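Below is one structure, written out as structure tokens; comments come after it.
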Protein chains: 2
Amino acid sequence: MSQSVSPEVVIDRLSWRYATKKFDITKKIPDKIWDALEQSLVLAPSSFGLQPWKFFVVQNTELRTKLRASSWNQSQVTDASHLVVLARKLIIASADVERLANRIAKVREIPVAAINDYKNMMLGYVNNPPSGFDVGSWNAKQVYIAAGFFMSAAAMMGIDVCPMEGFSAADYDKALNLTEQGYTTSLVLAAGYRAEDDVSGTAKKVRYEKNEVLAYI
Amino acid sequence: MSQSVSPEVVIDRLSWRYATKKFDITKKIPDKIWDALEQSLVLAPSSFGLQPWKFFVVQNTELRTKLRASSWNQSQVTDASHLVVLARKLIIASADVERLANRIAKVREIPVAAINDYKNMMLGYVNNPPSGFDVGSWNAKQVYIAAGFFMSAAAMMGIDVCPMEGFSAADYDKALNLTEQGYTTSLVLAAGYRAEDDVSGTAKKVRYEKNEVLAYI
């Protein structure tokens with residue numbers, strides 16, 4: 001197991017990151033770092049461990065050009081080294097619980113019966129959710145945890161990211177055939193290296209004072 | 001600026017973390033590390049930079065006992081070194097945009113007029129959101145990014161976290177007087193150190209195979 005990272009480094013790296021508006025089109029993320037970024041998505045936690053998501057890494061340049069047109073023509077979509085579309089499952093049903101229970105049993109080499117209580121608890125929640133429950137919102141929130149993991153891991157490794165909500169989800173879903181697969185687009189992350197002349201890169205980071213967003217009780 | 005963290009360390013640290021069910025009640029997070037965890041929340045990105053959130057660090061032990069009762073009696077609420085309640089703003093209105101614009105102007109030492117276009121774009125979005133837009137869901141998603149930043153930063157620094165959705169938000173809102181302040185509880189994070197006998201700590205991490213949750217197009 002690796003040593004922990006120091007608090008100074010964590011703060012430095014998170015202060016270094018910003019929503020990169022202009023990427024250096026010539027620089028590509030090395031495979032080893034990209035693999036770790038993929039792992040940050042795979043390893044992200046989710047409610048009940050259901051992982052109600054799928055991540056689509058768009059490599060096809062024609063497709064990226066098409067998606068850019070569906071994203072207010074933002075250059076990050078085509079110019080960043082990598083583009084990943086974070087999609088959420090459209091529904092969560094008994095089959096998803098069965099799938100997870102089977103996976104737990106397989107990974108931990110135990111019979112499915114050994115996790116029956118956990119499975120039934122999940123089934124109860126999924127089939128009789130609390131009032132006001134919205135599966136779209138629930139799954140989207142989990143996807144945003146994964147986005148947080150990706151952006152944070154990227155910052156640690158010195159990779160720039162632009163998180164994007166400004167796009168037509170319907171267009172993305174169509175271009176990537178997501179609906180047929182049971183998913184819909186939640187968020188898009190462009191990753192790579194900031195262009196030297198990205199004006200956003202030199203602007204001071206804007207956050208409210210800590211005492212405005214954090215309180216002790 | 002600190003050196004980047006290696007991909008090996010990032011993967012190791014994220015593999016090390018898990019949703020800690022039993023905390024060592026005797027171990028407290030040192031101030032310097034807790035400060036960095038607070039910064040991971042403060043520095044988390046959000047849509048338009050609006051930071052539609054507030055983070056409540058609950059130190060009062062009686063209050064934590066009360067909140068435990070509103071959280072299916074889960075021991076993490078009282079036993080973890082620190083407990084932070086992540087709340088989202090109930091609404092986003094013109095005043096929030098004004099507040100952010102003023103903050104940008106102050107931090108960057110520019111006149112507010114210099115960011116008029118950005119301000120008007122935000123006002124247009126907030127006052128005429130796209131069809132189907134739900135401010136509760138939008139703000140909650142931003143809060144989950146902050147949660148992702150916190151959990152990720154904790155993992156980097158060797159701090160255990162249990163993210164919790166299993167509680168009565170209404171009870172939390174009441175106990176913390178959140179409604180009056182314009183917030184509601186989204187998510188709770190208990191942070192500290194795993195107990196040696198936490199059975200969850202030795203169970204193998206369960207994730208789907210990468211090719212089931214990630215695809216290249």
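Naming scheme: A, B, ... for chains in displayed order of the structure tokens; residues 1 onward per chain; ligands 1 onward as shown.
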Interface rows for chain B against chain A: nearest pair, Å to one decimal, 6 Å, only C-alpha atoms, as a Markdown table:
```
| residue | atom | partner | partner_atom | distance |
| --- | --- | --- | --- | --- |
| B:Ser2 | CA | A:Val9 | CA | 5.7 |
| B:Ser4 | CA | A:Met157 | CA | 4.8 |
| B:Val5 | CA | A:Met157 | CA | 5.0 |
| B:Pro7 | CA | A:Ala36 | CA | 5.5 |
| B:Val9 | CA | A:Ser2 | CA | 5.7 |
| B:Ile33 | CA | A:Pro7 | CA | 5.6 |
| B:Ala36 | CA | A:Pro7 | CA | 5.5 |
| B:Lys54 | CA | A:Val213 | CA | 4.5 |
| B:Phe55 | CA | A:Leu214 | CA | 4.6 |
| B:Phe56 | CA | A:Ala215 | CA | 5.0 |
| B:Val57 | CA | A:Tyr216 | CA | 4.8 |
| B:Val58 | CA | A:Ile217 | CA | 4.9 |
| B:Gln59 | CA | A:Ile217 | CA | 5.7 |
| B:Ile104 | CA | A:Val206 | CA | 5.9 |
| B:Arg108 | CA | A:Lys204 | CA | 5.9 |
| B:Ser137 | CA | A:Ser137 | CA | 5.8 |
| B:Lys141 | CA | A:Lys141 | CA | 4.9 |
| B:Tyr144 | CA | A:Ile145 | CA | 5.3 |
| B:Ile145 | CA | A:Gly148 | CA | 4.6 |
| B:Gly148 | CA | A:Gly148 | CA | 4.4 |
| B:Phe149 | CA | A:Gly148 | CA | 5.4 |
| B:Ser152 | CA | A:Phe149 | CA | 6.0 |
| B:Met156 | CA | A:Val5 | CA | 5.3 |
| B:Met157 | CA | A:Ser4 | CA | 4.8 |
| B:Gly158 | CA | A:Ser4 | CA | 5.5 |
| B:Lys204 | CA | A:Arg108 | CA | 5.9 |
| B:Val206 | CA | A:Ile104 | CA | 5.9 |
| B:Val213 | CA | A:Lys54 | CA | 4.5 |
| B:Leu214 | CA | A:Phe55 | CA | 4.6 |
| B:Ala215 | CA | A:Phe56 | CA | 5.0 |
| B:Tyr216 | CA | A:Val57 | CA | 4.8 |
| B:Ile217 | CA | A:Val58 | CA | 4.9 |
```
Q. Please, which residues of region 23-124 of chain A, numbered as in this document, come out strand (DSSP E) from DSSP, as number ranges by chain?
A. A: 53-57, 82-89
Could those residues be written to a file, using N, CA and C atoms, as a CSV table (one decimal), in the first residue's frame?
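Dumped to result-v1.csv:
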```csv
chain,number,residue,atom,x,y,z
A,53,TRP,N,-24.5,3.4,-13.6
A,53,TRP,CA,-23.9,4.2,-14.6
A,53,TRP,C,-23.1,3.5,-15.7
A,54,LYS,N,-22.8,4.2,-16.7
A,54,LYS,CA,-21.8,3.7,-17.7
A,54,LYS,C,-21.0,4.9,-18.2
A,55,PHE,N,-19.8,4.7,-18.5
A,55,PHE,CA,-18.9,5.8,-18.9
A,55,PHE,C,-18.5,5.5,-20.4
A,56,PHE,N,-18.7,6.5,-21.2
A,56,PHE,CA,-18.4,6.3,-22.6
A,56,PHE,C,-17.2,7.2,-23.0
A,57,VAL,N,-16.1,6.6,-23.4
A,57,VAL,CA,-15.0,7.3,-23.8
A,57,VAL,C,-15.1,7.5,-25.3
A,82,HIS,N,-8.9,13.7,-24.1
A,82,HIS,CA,-9.9,12.6,-23.9
A,82,HIS,C,-11.3,13.2,-23.6
A,83,LEU,N,-12.3,12.6,-24.1
A,83,LEU,CA,-13.7,13.0,-23.7
A,83,LEU,C,-14.4,11.8,-23.2
A,84,VAL,N,-15.0,12.0,-22.0
A,84,VAL,CA,-15.8,10.9,-21.5
A,84,VAL,C,-17.2,11.4,-21.1
A,85,VAL,N,-18.2,10.6,-21.6
A,85,VAL,CA,-19.6,10.9,-21.3
A,85,VAL,C,-20.0,10.1,-20.2
A,86,LEU,N,-20.5,10.7,-19.1
A,86,LEU,CA,-21.0,10.0,-17.9
A,86,LEU,C,-22.5,9.8,-18.0
A,87,ALA,N,-22.9,8.6,-18.2
A,87,ALA,CA,-24.4,8.3,-18.3
A,87,ALA,C,-24.9,7.6,-17.1
A,88,ARG,N,-26.2,7.8,-16.8
A,88,ARG,CA,-26.8,7.2,-15.7
A,88,ARG,C,-27.8,6.2,-16.2
A,89,LYS,N,-28.1,5.1,-15.5
A,89,LYS,CA,-29.1,4.2,-15.8
A,89,LYS,C,-30.5,4.9,-15.8
```
Q.
Rounded to one decimal, what separation in Å do you get between CA of Ala80 (chain B) and CA of Val199 (chain B)?
A.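 Answer for the CA of Ala80 (chain B) to CA of Val199 (chain B) separation: 16.1 Å.
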Q | Residue with smallest distance to Thr184 (chain B) - pool B:Tyr125, B:Asp117, B:Leu90, B:Asp197, counting only C-alpha atoms | A |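 Of B:Tyr125, B:Asp117, B:Leu90, B:Asp197, the one nearest Thr184 (chain B), counting only C-alpha atoms, is B:Leu90.
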Q | Neighbour list for region 25-28 of chain A as a ChimeraX atom specification, cut-off 9 Å, only C-alpha atoms, skip fewer than 6 positions in-chain | A | /A:78-82,192-195
Q: Run DSSP on the backbone and give me the residues of chain A it puts in helix (DSSP H, G or I), as a PyMOL selection string.
A: chain A and resi 7-16+31-42+47-49+61-69+76-79+94-108+112-127+135-157+169-175+178-181+199-201+210-213
